[in-house]
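Source file: upload13.pdb (PDB, C-alpha atoms)
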```pdb
ATOM      1  CA  MET S   4       7.041 -11.322  26.727
ATOM      2  CA  THR S   5       9.171  -8.711  25.064
ATOM      3  CA  THR S   6      11.231  -9.264  21.977
ATOM      4  CA  GLN S   7      14.935  -8.659  21.903
ATOM      5  CA  PRO S   8      16.135  -6.167  19.343
ATOM      6  CA  ARG S   9      17.771  -7.993  16.514
ATOM      7  CA  ALA S  10      21.527  -8.142  16.344
ATOM      8  CA  ASP S  11      22.971  -5.698  13.886
ATOM      9  CA  GLY S  12      24.867  -6.717  10.820
ATOM     10  CA  ARG S  13      22.305  -8.370   8.615
ATOM     11  CA  THR S  14      23.961  -8.263   5.261
ATOM     12  CA  ALA S  15      23.118  -8.898   1.678
ATOM     13  CA  SER S  16      25.560 -11.757   1.767
ATOM     14  CA  ARG S  17      23.513 -13.424   4.466
ATOM     15  CA  PRO S  18      20.483 -14.883   2.730
ATOM     16  CA  LEU S  19      16.946 -14.297   3.891
ATOM     17  CA  GLN S  20      15.734 -16.957   6.308
ATOM     18  CA  ILE S  21      12.103 -17.483   7.220
ATOM     19  CA  ALA S  22      11.134 -20.294   9.582
ATOM     20  CA  GLY S  23      14.443 -22.015   8.949
ATOM     21  CA  ARG S  24      14.127 -21.851   5.182
ATOM     22  CA  THR S  25      16.720 -19.969   3.170
ATOM     23  CA  PHE S  26      15.861 -17.757   0.214
ATOM     24  CA  GLY S  27      18.326 -16.372  -2.289
ATOM     25  CA  SER S  28      15.834 -13.701  -3.363
ATOM     26  CA  ARG S  29      14.460 -10.980  -1.134
ATOM     27  CA  LEU S  30      11.542 -10.281  -3.443
ATOM     28  CA  LEU S  31       8.188 -12.036  -3.129
ATOM     29  CA  LEU S  32       5.759 -11.713  -6.004
ATOM     30  CA  GLY S  33       1.987 -11.573  -5.848
ATOM     31  CA  THR S  34       0.341 -13.266  -8.811
ATOM     32  CA  GLY S  35      -2.742 -11.031  -8.788
ATOM     33  CA  GLY S  36      -3.420  -8.555 -11.544
ATOM     34  CA  PHE S  37      -1.561 -10.154 -14.447
ATOM     35  CA  SER S  38      -3.806 -10.058 -17.476
ATOM     36  CA  ARG S  39      -2.058 -12.967 -19.167
ATOM     37  CA  MET S  40      -0.551 -16.171 -17.778
ATOM     38  CA  GLU S  41       2.434 -15.807 -20.097
ATOM     39  CA  ALA S  42       3.232 -12.430 -18.556
ATOM     40  CA  LEU S  43       3.022 -13.966 -15.083
ATOM     41  CA  GLY S  44       5.506 -16.675 -15.969
ATOM     42  CA  ASP S  45       7.867 -14.189 -17.572
ATOM     43  CA  ALA S  46       7.572 -11.807 -14.609
ATOM     44  CA  ILE S  47       8.325 -14.607 -12.146
ATOM     45  CA  ARG S  48      11.495 -15.365 -14.069
ATOM     46  CA  ALA S  49      12.483 -11.699 -14.434
ATOM     47  CA  SER S  50      11.922 -11.054 -10.731
ATOM     48  CA  GLU S  51      14.024 -14.072  -9.731
ATOM     49  CA  THR S  52      11.612 -14.555  -6.840
ATOM     50  CA  GLU S  53      11.367 -17.930  -5.148
ATOM     51  CA  LEU S  54       7.951 -17.493  -3.560
ATOM     52  CA  VAL S  55       4.704 -16.272  -5.134
ATOM     53  CA  THR S  56       1.353 -15.685  -3.503
ATOM     54  CA  VAL S  57      -1.981 -17.071  -4.634
ATOM     55  CA  ALA S  58      -5.524 -16.589  -3.333
ATOM     56  CA  MET S  59      -8.134 -19.269  -2.637
ATOM     57  CA  ARG S  60     -11.510 -18.919  -4.354
ATOM     58  CA  ARG S  61     -14.536 -20.994  -5.274
ATOM     59  CA  ILE S  62     -13.827 -23.297  -8.173
ATOM     60  CA  GLU S  63     -15.418 -22.449 -11.503
ATOM     61  CA  PRO S  64     -16.824 -25.285 -13.632
ATOM     62  CA  SER S  65     -14.438 -24.322 -16.420
ATOM     63  CA  ALA S  66     -11.454 -24.181 -14.068
ATOM     64  CA  ASP S  67      -8.179 -25.410 -15.428
ATOM     65  CA  GLY S  68      -4.894 -25.884 -13.632
ATOM     66  CA  SER S  69      -2.927 -23.347 -15.613
ATOM     67  CA  LEU S  70      -1.997 -21.053 -12.705
ATOM     68  CA  LEU S  71      -0.328 -23.763 -10.660
ATOM     69  CA  ASP S  72       1.230 -25.134 -13.834
ATOM     70  CA  VAL S  73       2.755 -21.742 -14.681
ATOM     71  CA  ILE S  74       4.110 -21.416 -11.144
ATOM     72  CA  ALA S  75       5.523 -24.926 -11.154
ATOM     73  CA  ALA S  76       7.083 -24.403 -14.589
ATOM     74  CA  ALA S  77       8.842 -21.315 -13.248
ATOM     75  CA  GLY S  78      10.269 -23.441 -10.458
ATOM     76  CA  VAL S  79       8.952 -21.378  -7.533
ATOM     77  CA  ASP S  80       6.842 -22.196  -4.497
ATOM     78  CA  VAL S  81       3.351 -20.969  -3.680
ATOM     79  CA  LEU S  82       2.414 -18.955  -0.645
ATOM     80  CA  PRO S  83      -1.384 -19.000  -0.279
ATOM     81  CA  ASN S  84      -3.030 -15.949   1.208
ATOM     82  CA  THR S  85      -6.314 -15.450   3.003
ATOM     83  CA  ALA S  86      -7.289 -12.384   0.992
ATOM     84  CA  GLY S  87     -10.966 -11.580   1.133
ATOM     85  CA  CYS S  88     -11.405 -12.738   4.730
ATOM     86  CA  PHE S  89     -12.908 -10.294   7.208
ATOM     87  CA  THR S  90     -12.935 -12.496  10.319
ATOM     88  CA  ALA S  91     -10.393 -14.642  12.115
ATOM     89  CA  ARG S  92     -12.678 -17.647  11.643
ATOM     90  CA  ASP S  93     -12.839 -17.272   7.861
ATOM     91  CA  ALA S  94      -9.099 -16.660   7.610
ATOM     92  CA  VAL S  95      -8.288 -19.759   9.654
ATOM     93  CA  LEU S  96     -10.608 -21.897   7.551
ATOM     94  CA  THR S  97      -9.168 -20.477   4.328
ATOM     95  CA  ALA S  98      -5.636 -21.248   5.536
ATOM     96  CA  GLN S  99      -6.705 -24.796   6.374
ATOM     97  CA  LEU S 100      -8.227 -25.194   2.898
ATOM     98  CA  ALA S 101      -5.074 -23.819   1.299
ATOM     99  CA  ARG S 102      -2.964 -26.305   3.239
ATOM    100  CA  GLU S 103      -5.207 -29.107   2.039
ATOM    101  CA  ALA S 104      -5.257 -27.915  -1.578
ATOM    102  CA  LEU S 105      -1.633 -26.923  -1.987
ATOM    103  CA  GLY S 106       0.230 -29.064   0.507
ATOM    104  CA  THR S 107       1.928 -26.158   2.251
ATOM    105  CA  ASP S 108       1.586 -25.046   5.847
ATOM    106  CA  TRP S 109       2.853 -21.581   4.991
ATOM    107  CA  VAL S 110       0.230 -18.858   4.838
ATOM    108  CA  LYS S 111       0.214 -15.151   4.177
ATOM    109  CA  LEU S 112      -2.440 -14.242   6.684
ATOM    110  CA  GLU S 113      -4.758 -11.399   5.732
ATOM    111  CA  VAL S 114      -7.761 -10.341   7.761
ATOM    112  CA  ILE S 115      -9.233  -7.208   6.282
ATOM    113  CA  GLY S 116     -11.129  -4.716   8.381
ATOM    114  CA  ASP S 117     -12.439  -2.282   5.821
ATOM    115  CA  GLU S 118     -13.515  -2.796   2.219
ATOM    116  CA  ARG S 119     -12.537   0.633   0.966
ATOM    117  CA  THR S 120      -9.001   0.784   2.339
ATOM    118  CA  LEU S 121      -8.364  -2.967   2.690
ATOM    119  CA  LEU S 122      -6.541  -2.154   5.917
ATOM    120  CA  PRO S 123      -5.891  -5.064   8.284
ATOM    121  CA  ASP S 124      -8.194  -5.757  11.240
ATOM    122  CA  GLY S 125      -5.629  -5.928  14.043
ATOM    123  CA  PRO S 126      -7.626  -7.768  16.721
ATOM    124  CA  GLU S 127      -8.969 -10.393  14.295
ATOM    125  CA  LEU S 128      -5.516 -10.772  12.753
ATOM    126  CA  LEU S 129      -3.954 -11.500  16.118
ATOM    127  CA  VAL S 130      -6.605 -14.102  17.001
ATOM    128  CA  ALA S 131      -6.181 -15.860  13.648
ATOM    129  CA  ALA S 132      -2.380 -15.744  13.849
ATOM    130  CA  GLU S 133      -2.321 -17.325  17.277
ATOM    131  CA  GLN S 134      -4.682 -20.121  16.253
ATOM    132  CA  LEU S 135      -2.805 -20.912  13.045
ATOM    133  CA  VAL S 136       0.549 -20.951  14.847
ATOM    134  CA  ASP S 137      -0.975 -23.397  17.337
ATOM    135  CA  GLU S 138      -2.048 -25.577  14.407
ATOM    136  CA  GLY S 139       1.495 -25.692  13.077
ATOM    137  CA  PHE S 140       1.256 -23.124  10.315
ATOM    138  CA  VAL S 141       4.138 -20.877   9.309
ATOM    139  CA  VAL S 142       2.253 -17.596   9.582
ATOM    140  CA  LEU S 143       3.280 -14.467   7.671
ATOM    141  CA  PRO S 144       0.727 -11.810   8.634
ATOM    142  CA  TYR S 145      -0.120  -8.803   6.497
ATOM    143  CA  THR S 146      -0.290  -6.086   9.112
ATOM    144  CA  SER S 147      -0.535  -2.332   9.463
ATOM    145  CA  ASP S 148       2.541  -0.203  10.106
ATOM    146  CA  ASP S 149       1.765  -0.229  13.847
ATOM    147  CA  PRO S 150       4.951  -1.290  15.688
ATOM    148  CA  VAL S 151       2.986  -2.560  18.698
ATOM    149  CA  LEU S 152       0.787  -4.848  16.605
ATOM    150  CA  ALA S 153       3.856  -6.129  14.773
ATOM    151  CA  ARG S 154       5.434  -7.026  18.094
ATOM    152  CA  ARG S 155       2.288  -8.749  19.292
ATOM    153  CA  LEU S 156       2.200 -10.816  16.101
ATOM    154  CA  GLU S 157       5.792 -11.852  16.649
ATOM    155  CA  ASP S 158       5.021 -12.687  20.271
ATOM    156  CA  VAL S 159       2.285 -15.173  19.273
ATOM    157  CA  GLY S 160       4.768 -16.966  17.054
ATOM    158  CA  CYS S 161       4.503 -15.513  13.553
ATOM    159  CA  ALA S 162       7.479 -16.430  11.381
ATOM    160  CA  ALA S 163       7.697 -12.934   9.882
ATOM    161  CA  VAL S 164       5.710  -9.727   9.901
ATOM    162  CA  MET S 165       4.483  -8.037   6.735
ATOM    163  CA  PRO S 166       3.689  -4.402   7.415
ATOM    164  CA  LEU S 167       2.114  -2.333   4.682
ATOM    165  CA  GLY S 168       3.837   0.666   3.166
ATOM    166  CA  SER S 169       0.459   2.085   2.152
ATOM    167  CA  PRO S 170      -2.867   0.500   1.186
ATOM    168  CA  ILE S 171      -2.949  -2.508  -1.138
ATOM    169  CA  GLY S 172      -2.721  -1.521  -4.777
ATOM    170  CA  SER S 173      -2.413   2.180  -3.970
ATOM    171  CA  GLY S 174       1.138   2.561  -5.247
ATOM    172  CA  ARG S 175       1.729   5.282  -2.662
ATOM    173  CA  GLY S 176       4.984   3.811  -1.394
ATOM    174  CA  ILE S 177       6.022   3.927   2.250
ATOM    175  CA  ALA S 178       3.682   6.399   3.899
ATOM    176  CA  ASN S 179       5.263   6.211   7.340
ATOM    177  CA  PRO S 180       8.978   5.418   7.145
ATOM    178  CA  ALA S 181       9.404   6.254  10.844
ATOM    179  CA  ASN S 182       6.949   3.541  11.889
ATOM    180  CA  LEU S 183       8.502   1.042   9.516
ATOM    181  CA  THR S 184      11.896   1.791  11.069
ATOM    182  CA  LEU S 185      10.482   1.182  14.542
ATOM    183  CA  ILE S 186       9.096  -2.180  13.404
ATOM    184  CA  VAL S 187      12.442  -3.155  11.875
ATOM    185  CA  GLU S 188      14.401  -2.111  14.962
ATOM    186  CA  ALA S 189      12.238  -4.144  17.317
ATOM    187  CA  ALA S 190      11.667  -7.231  15.196
ATOM    188  CA  GLY S 191      13.309 -10.550  15.904
ATOM    189  CA  VAL S 192      11.719 -12.104  12.820
ATOM    190  CA  PRO S 193      12.042 -11.019   9.194
ATOM    191  CA  VAL S 194      10.160  -7.882   8.190
ATOM    192  CA  ILE S 195       8.671  -8.054   4.708
ATOM    193  CA  LEU S 196       7.239  -4.853   3.295
ATOM    194  CA  ASP S 197       3.863  -5.741   1.872
ATOM    195  CA  ALA S 198       1.571  -3.467  -0.089
ATOM    196  CA  GLY S 199       1.981   0.046  -1.342
ATOM    197  CA  VAL S 200       5.020  -0.335  -3.562
ATOM    198  CA  GLY S 201       4.415   1.646  -6.728
ATOM    199  CA  THR S 202       7.787   1.518  -8.413
ATOM    200  CA  ALA S 203      11.375   0.417  -7.946
ATOM    201  CA  SER S 204      12.444   3.259  -5.661
ATOM    202  CA  ASP S 205       9.789   2.286  -3.091
ATOM    203  CA  ALA S 206      11.255  -1.220  -2.912
ATOM    204  CA  ALA S 207      14.774   0.160  -2.592
ATOM    205  CA  LEU S 208      13.681   2.455   0.244
ATOM    206  CA  ALA S 209      12.094  -0.452   2.110
ATOM    207  CA  MET S 210      15.374  -2.320   2.027
ATOM    208  CA  GLU S 211      17.367   0.785   2.969
ATOM    209  CA  LEU S 212      15.107   1.188   5.997
ATOM    210  CA  GLY S 213      16.081  -2.310   7.056
ATOM    211  CA  CYS S 214      13.337  -4.562   5.757
ATOM    212  CA  ASP S 215      14.415  -8.102   5.020
ATOM    213  CA  ALA S 216      12.306  -8.504   1.899
ATOM    214  CA  VAL S 217       9.596  -6.871  -0.195
ATOM    215  CA  LEU S 218       6.386  -8.309  -1.601
ATOM    216  CA  CYS S 219       5.097  -6.727  -4.805
ATOM    217  CA  ALA S 220       1.967  -7.524  -6.720
ATOM    218  CA  SER S 221       0.229  -4.618  -8.441
ATOM    219  CA  ALA S 222       3.453  -2.620  -8.857
ATOM    220  CA  ILE S 223       4.624  -5.336 -11.224
ATOM    221  CA  SER S 224       1.454  -6.928 -12.584
ATOM    222  CA  ARG S 225      -0.258  -3.632 -13.413
ATOM    223  CA  ALA S 226       2.808  -1.842 -14.739
ATOM    224  CA  THR S 227       2.692  -0.965 -18.416
ATOM    225  CA  ASP S 228       5.406  -3.568 -18.955
ATOM    226  CA  PRO S 229       5.172  -6.073 -16.070
ATOM    227  CA  VAL S 230       8.232  -8.046 -17.059
ATOM    228  CA  ALA S 231      10.412  -4.930 -17.294
ATOM    229  CA  MET S 232       9.105  -3.747 -13.901
ATOM    230  CA  ALA S 233       9.833  -7.142 -12.353
ATOM    231  CA  HIS S 234      13.375  -6.752 -13.597
ATOM    232  CA  ALA S 235      13.603  -3.203 -12.227
ATOM    233  CA  ILE S 236      12.247  -4.102  -8.798
ATOM    234  CA  ARG S 237      14.551  -7.100  -8.517
ATOM    235  CA  HIS S 238      17.482  -4.723  -8.972
ATOM    236  CA  ALA S 239      15.963  -2.150  -6.627
ATOM    237  CA  VAL S 240      15.654  -4.696  -3.822
ATOM    238  CA  LEU S 241      19.244  -5.693  -4.327
ATOM    239  CA  ALA S 242      20.428  -2.082  -4.528
ATOM    240  CA  GLY S 243      18.507  -1.194  -1.382
ATOM    241  CA  VAL S 244      19.979  -3.935   0.747
ATOM    242  CA  LEU S 245      23.466  -3.253  -0.579
ATOM    243  CA  ALA S 246      23.075   0.457   0.169
ATOM    244  CA  ARG S 247      21.851  -0.247   3.664
ATOM    245  CA  ASP S 248      24.796  -2.468   4.414
ATOM    246  CA  ALA S 249      27.172   0.041   2.846
ATOM    247  CA  GLY S 250      26.055   2.631   5.416
ATOM    248  CA  ARG S 251      24.570   5.811   4.073
ATOM    249  CA  ILE S 252      25.900   9.240   5.076
ATOM    250  CA  PRO S 253      23.881  11.168   7.636
ATOM    251  CA  ARG S 254      21.539  13.854   6.419
ATOM    252  CA  ARG S 255      22.942  17.371   7.064
ATOM    253  CA  THR S 256      21.315  20.758   7.109
ATOM    254  CA  HIS S 257      24.178  22.472   5.326
ATOM    255  CA  ALA S 258      26.621  21.518   2.633
ATOM    256  CA  ARG S 259      29.855  19.696   3.337
ATOM    257  CA  ALA S 260      32.372  20.184   0.564
ATOM    258  CA  SER S 261      33.786  17.097  -0.997
ATOM    259  CA  SER S 262      36.545  19.067  -2.794
ATOM    260  CA  PRO S 263      39.464  20.544  -0.800
ATOM    261  CA  LEU S 264      38.822  24.004   0.609
ATOM    262  CA  ASP S 265      42.549  24.880   0.492
ATOM    263  CA  GLY S 266      44.642  25.516  -2.557
ATOM    264  CA  VAL S 267      41.983  27.120  -4.671
ATOM    265  CA  ALA S 268      43.630  29.094  -7.494
ATOM    266  CA  GLU S 269      43.237  32.862  -7.343
ATOM    267  CA  PHE S 270      42.825  34.805 -10.562
ATOM    268  CA  GLU S 271      42.804  38.419  -9.381
TER     269      GLU S 271
ATOM    270  CA  MET X  18     -30.915 -30.372  -1.412
ATOM    271  CA  ILE X  19     -27.367 -29.331  -0.608
ATOM    272  CA  TYR X  20     -25.584 -26.087  -1.355
ATOM    273  CA  VAL X  21     -22.319 -26.025  -3.288
ATOM    274  CA  ASN X  22     -20.437 -22.742  -3.475
ATOM    275  CA  GLY X  23     -23.673 -20.995  -2.602
ATOM    276  CA  GLU X  24     -25.780 -22.675  -5.294
ATOM    277  CA  PRO X  25     -28.460 -25.292  -4.546
ATOM    278  CA  LEU X  26     -27.758 -28.743  -5.942
ATOM    279  CA  GLN X  27     -29.960 -31.843  -6.201
ATOM    280  CA  ALA X  28     -27.445 -34.651  -5.926
ATOM    281  CA  GLY X  29     -29.432 -37.780  -5.151
ATOM    282  CA  GLU X  30     -29.852 -39.550  -1.840
ATOM    283  CA  GLN X  31     -27.034 -38.886   0.649
ATOM    284  CA  PRO X  32     -24.321 -38.136  -1.891
ATOM    285  CA  THR X  33     -20.675 -38.415  -0.938
ATOM    286  CA  ILE X  34     -18.320 -35.496  -1.489
ATOM    287  CA  ARG X  35     -16.856 -37.431  -4.386
ATOM    288  CA  ASP X  36     -20.345 -37.812  -5.914
ATOM    289  CA  VAL X  37     -20.815 -34.071  -5.776
ATOM    290  CA  LEU X  38     -17.448 -33.368  -7.388
ATOM    291  CA  LEU X  39     -18.241 -35.776 -10.207
ATOM    292  CA  GLU X  40     -21.728 -34.284 -10.609
ATOM    293  CA  LEU X  41     -20.049 -30.910 -11.146
ATOM    294  CA  GLN X  42     -17.506 -32.427 -13.539
ATOM    295  CA  ILE X  43     -14.639 -31.712 -11.173
ATOM    296  CA  ASP X  44     -11.972 -34.415 -11.202
ATOM    297  CA  PRO X  45     -11.644 -35.650  -7.599
ATOM    298  CA  GLU X  46      -8.078 -36.694  -8.348
ATOM    299  CA  ALA X  47      -7.077 -33.227  -9.551
ATOM    300  CA  ALA X  48      -4.432 -31.482  -7.493
ATOM    301  CA  GLY X  49      -4.959 -28.061  -6.004
ATOM    302  CA  ILE X  50      -8.553 -28.282  -4.777
ATOM    303  CA  ALA X  51      -9.939 -28.445  -1.262
ATOM    304  CA  VAL X  52     -13.402 -28.923   0.203
ATOM    305  CA  ALA X  53     -15.117 -27.583   3.291
ATOM    306  CA  VAL X  54     -18.432 -28.920   4.576
ATOM    307  CA  ASP X  55     -20.381 -26.761   6.995
ATOM    308  CA  ALA X  56     -17.309 -24.595   7.624
ATOM    309  CA  GLU X  57     -14.914 -27.454   8.352
ATOM    310  CA  VAL X  58     -12.248 -28.849   6.054
ATOM    311  CA  ALA X  59     -13.125 -32.256   4.633
ATOM    312  CA  ARG X  60      -9.794 -33.866   3.905
ATOM    313  CA  ARG X  61      -9.261 -35.639   0.620
ATOM    314  CA  GLY X  62      -9.147 -38.992   2.384
ATOM    315  CA  VAL X  63     -12.837 -38.829   3.316
ATOM    316  CA  TRP X  64     -14.253 -37.616   0.001
ATOM    317  CA  GLN X  65     -15.237 -41.117  -1.046
ATOM    318  CA  THR X  66     -17.008 -42.023   2.191
ATOM    319  CA  ARG X  67     -18.306 -38.822   3.730
ATOM    320  CA  THR X  68     -21.996 -38.385   2.949
ATOM    321  CA  LEU X  69     -23.670 -35.013   2.876
ATOM    322  CA  ALA X  70     -26.814 -34.427   4.885
ATOM    323  CA  ASP X  71     -29.727 -32.460   3.516
ATOM    324  CA  GLY X  72     -28.916 -28.766   3.742
ATOM    325  CA  ALA X  73     -25.137 -29.307   3.874
ATOM    326  CA  ARG X  74     -23.123 -26.311   2.771
ATOM    327  CA  VAL X  75     -20.178 -27.318   0.647
ATOM    328  CA  GLU X  76     -17.382 -25.021  -0.462
ATOM    329  CA  ILE X  77     -14.970 -26.198  -3.153
ATOM    330  CA  VAL X  78     -11.965 -23.963  -3.639
ATOM    331  CA  ARG X  79      -8.774 -23.793  -5.644
ATOM    332  CA  ALA X  80      -5.854 -21.426  -6.035
ATOM    333  CA  VAL X  81      -6.376 -18.358  -8.201
ATOM    334  CA  GLN X  82      -4.200 -15.360  -8.990
ATOM    335  CA  GLY X  83      -3.880 -13.111  -5.971
ATOM    336  CA  GLY X  84      -1.509 -10.810  -4.175
TER     337      GLY X  84
END
```
Spit out the file's structure as structure tokens when you get a sec.
Amino acid sequence: MTTQPRADGRTASRPLQIAGRTFGSRLLLGTGGFSRMEALGDAIRASETELVTVAMRRIEPSADGSLLDVIAAAGVDVLPNTAGCFTARDAVLTAQLAREALGTDWVKLEVIGDERTLLPDGPELLVAAEQLVDEGFVVLPYTSDDPVLARRLEDVGCAAVMPLGSPIGSGRGIANPANLTLIVEAAGVPVILDAGVGTASDAALAMELGCDAVLCASAISRATDPVAMAHAIRHAVLAGVLARDAGRIPRRTHARASSPLDGVAEFE
Amino acid sequence: MIYVNGEPLQAGEQPTIRDVLLELQIDPEAAGIAVAVDAEVARRGVWQTRTLADGARVEIVRAVQGG
């Protein structure tokens, strides 16, 4: 099965839709890395996100419910991830546990293939995605910037694809804009840039390249002022999608004057 | 002997999942937790009745901060 290229004309005025659900915000926020719960709550509000990711981990005896309380108080929904899983089996089980714990069948699917780079394991990811789709999950896979893998993930029924810009937490931005463009051009589901954003301009570029949304975690949570960065990236996402729809000028080798060439005064 | 989150636990004769949660001072009514037994999800509805065989491997998880 091949995917049809998406129709042109996605606009900022048309809200983001994933699996039939409409989002006013095109920014997803990861909750990892915030040193204080208060900062997380404030950053959620400053980002104006509607969806925040959480991870699933073994309960500690002293566990309290403050994380979910902070998220609920901010009025946003949780998107559990399968971070830390290295096999399709573990990722599927983690998604099932998240569904049981949090009452959502949405999952940001991560299957990591390498501890040092945290790059996705494509074959395991595809196996897990297919199984979770079969079990009725809304699957949003964290994937590499490989356009073929992105298409395969869409073909097995993923509700979106989440290619990386560069490795998780690296802050190196979009390492391969050409690949990201190929993914965007071929995708029939939303493309959410995930991982690699270091600052606002990276998020704006993702949107200018045609992504439908951006997920940020470390860029915001580990900024010197997380709340201010959440504010900045919210505006960057908006600016990027507006700029894309406005239609940028082509790049040129030489200058093209914007002032008239005729009628220049002569002083000799 | 059963194993909960990787740690051995003596929890009496054929404890239920609920017994184990209470033993660990985890409120079984609390929202946001899930349990797997021997790598399969044990849904909340069976916590009161499902007994754990000797050597059972129990994982109890909750949501934490994560990207």
Matched chain/residue IDs from the PyMOL selection byres ((chain X) within 10 of (chain S)), as number ranges by chain: X: 21-23, 41-43, 47-53, 56-61, 76-84
Find, counting all atoms listed in the file, the residue in X:Ala28, X:Glu46, X:Glu40, X:Thr33 that gets nearest to Trp64 of chain X.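 Once distances to Trp64 of chain X are computed over all atoms listed in the file, the minimum belongs to X:Thr33.
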For Asp149 of chain S, find every residue with an atom within 10 Å (counting only C-alpha atoms), except residues of its own chain fewer than 3 positions away, and show them as a PyMOL selection string. chain S and resi 125+146+152-154+166-167+179+182-183+185-186
Those residues with C-alpha atoms, as a CSV table (one decimal), in the frame of the given file please?
```csv
chain,number,residue,atom,x,y,z
S,125,GLY,CA,-5.6,-5.9,14.0
S,146,THR,CA,-0.3,-6.1,9.1
S,152,LEU,CA,0.8,-4.8,16.6
S,153,ALA,CA,3.9,-6.1,14.8
S,154,ARG,CA,5.4,-7.0,18.1
S,166,PRO,CA,3.7,-4.4,7.4
S,167,LEU,CA,2.1,-2.3,4.7
S,179,ASN,CA,5.3,6.2,7.3
S,182,ASN,CA,6.9,3.5,11.9
S,183,LEU,CA,8.5,1.0,9.5
S,185,LEU,CA,10.5,1.2,14.5
S,186,ILE,CA,9.1,-2.2,13.4
```
Could you work out how far atom CA of Ala178 of chain S lies from atom CA of Gly199 of chain S, giving the answer in Å with one decimal?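 According to the coordinates, atom CA of Gly199 of chain S and atom CA of Ala178 of chain S are separated by 8.4 Å.
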Two-atom distance - atom CA of Glu53 of chain S, atom CA of Ser173 of chain S (Å): 24.4 Å
Taking all listed atoms of segment 239-253 of chain S, build the axis-aligned box, pad each of the six sides by 5 Å, then write its centre and edge lengths in Å to one decimal as lines of an AutoDock Vina configuration file.
```
center_x = 21.4
center_y = 2.7
center_z = 0.5
size_x = 21.5
size_y = 26.9
size_z = 24.3
```
Spatial neighbours of Asp215 of chain S, max dist 12 Å, all atoms listed in the file, sep filter under 2 positions, as a PyMOL selection string: chain S and resi 9+13-15+17-21+26-31+163-166+183-184+186-188+190-197+206-213+217-218+240-241+243-245+247-248
Report the distance between atom CA of Glu113 of chain S and atom CA of Ala181 of chain S in Å, rounded to one decimal place. 23.2 Å
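When all atoms listed in the file are used to compute distances to Thr227 of chain S, the closest of the residues S:Ala22, S:Leu112, S:Ala42, S:Val95 turns out to be S:Ala42.
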Explicit residue set for the PyMOL selection byres ((chain X and resi 70) around 10), as a compact mmCIF listing (two decimals) with C-alpha atoms, keeping the file's coordinate frame:
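Once written, expr_23.txt looks like this:
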```txt
# COMPACT_ATOMS: atom_id res chain seq x y z
CA MET X 18 -30.92 -30.37 -1.41
CA ILE X 19 -27.37 -29.33 -0.61
CA GLU X 30 -29.85 -39.55 -1.84
CA GLN X 31 -27.03 -38.89 0.65
CA PRO X 32 -24.32 -38.14 -1.89
CA THR X 33 -20.68 -38.42 -0.94
CA ARG X 67 -18.31 -38.82 3.73
CA THR X 68 -22.00 -38.38 2.95
CA LEU X 69 -23.67 -35.01 2.88
CA ASP X 71 -29.73 -32.46 3.52
CA GLY X 72 -28.92 -28.77 3.74
CA ALA X 73 -25.14 -29.31 3.87
CA ARG X 74 -23.12 -26.31 2.77
```
On this structure, which residues satisfy the PyMOL selection byres ((chain S and resi 237) around 8), written as a list in words? Leu30, Ala49, Ser50, Glu51, Ala233, His234, Ala235, Ile236, His238, Ala239, Val240 and Leu241 of chain S
Would you kindly place N, CA and C atoms on segment 41-51 of chain X and return the model as a PDB file, in the frame of the given file?
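Below is the file that was written, rebuild-v8.pdb:
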```
ATOM      1  N   LEU X  41     -20.434 -32.232 -10.648  1.00  0.00           N
ATOM      2  CA  LEU X  41     -20.049 -30.910 -11.146  1.00  0.00           C
ATOM      3  C   LEU X  41     -18.905 -30.985 -12.161  1.00  0.00           C
ATOM      4  N   GLN X  42     -18.578 -32.211 -12.564  1.00  0.00           N
ATOM      5  CA  GLN X  42     -17.506 -32.427 -13.539  1.00  0.00           C
ATOM      6  C   GLN X  42     -16.175 -31.875 -13.054  1.00  0.00           C
ATOM      7  N   ILE X  43     -15.930 -32.061 -11.749  1.00  0.00           N
ATOM      8  CA  ILE X  43     -14.639 -31.712 -11.173  1.00  0.00           C
ATOM      9  C   ILE X  43     -13.926 -33.032 -10.874  1.00  0.00           C
ATOM     10  N   ASP X  44     -12.734 -33.171 -11.393  1.00  0.00           N
ATOM     11  CA  ASP X  44     -11.972 -34.415 -11.202  1.00  0.00           C
ATOM     12  C   ASP X  44     -11.520 -34.523  -9.741  1.00  0.00           C
ATOM     13  N   PRO X  45     -12.030 -35.531  -9.013  1.00  0.00           N
ATOM     14  CA  PRO X  45     -11.644 -35.650  -7.599  1.00  0.00           C
ATOM     15  C   PRO X  45     -10.162 -35.954  -7.402  1.00  0.00           C
ATOM     16  N   GLU X  46      -9.513 -36.401  -8.464  1.00  0.00           N
ATOM     17  CA  GLU X  46      -8.078 -36.694  -8.348  1.00  0.00           C
ATOM     18  C   GLU X  46      -7.231 -35.465  -8.646  1.00  0.00           C
ATOM     19  N   ALA X  47      -7.848 -34.406  -9.156  1.00  0.00           N
ATOM     20  CA  ALA X  47      -7.077 -33.227  -9.551  1.00  0.00           C
ATOM     21  C   ALA X  47      -6.374 -32.612  -8.341  1.00  0.00           C
ATOM     22  N   ALA X  48      -5.170 -32.150  -8.561  1.00  0.00           N
ATOM     23  CA  ALA X  48      -4.432 -31.482  -7.493  1.00  0.00           C
ATOM     24  C   ALA X  48      -4.969 -30.060  -7.327  1.00  0.00           C
ATOM     25  N   GLY X  49      -4.717 -29.488  -6.170  1.00  0.00           N
ATOM     26  CA  GLY X  49      -4.959 -28.061  -6.004  1.00  0.00           C
ATOM     27  C   GLY X  49      -6.373 -27.675  -5.634  1.00  0.00           C
ATOM     28  N   ILE X  50      -7.219 -28.652  -5.241  1.00  0.00           N
ATOM     29  CA  ILE X  50      -8.553 -28.282  -4.777  1.00  0.00           C
ATOM     30  C   ILE X  50      -8.754 -28.750  -3.337  1.00  0.00           C
ATOM     31  N   ALA X  51      -9.623 -28.073  -2.638  1.00  0.00           N
ATOM     32  CA  ALA X  51      -9.939 -28.445  -1.262  1.00  0.00           C
ATOM     33  C   ALA X  51     -11.427 -28.222  -1.035  1.00  0.00           C
TER      34      ALA X  51
END
```
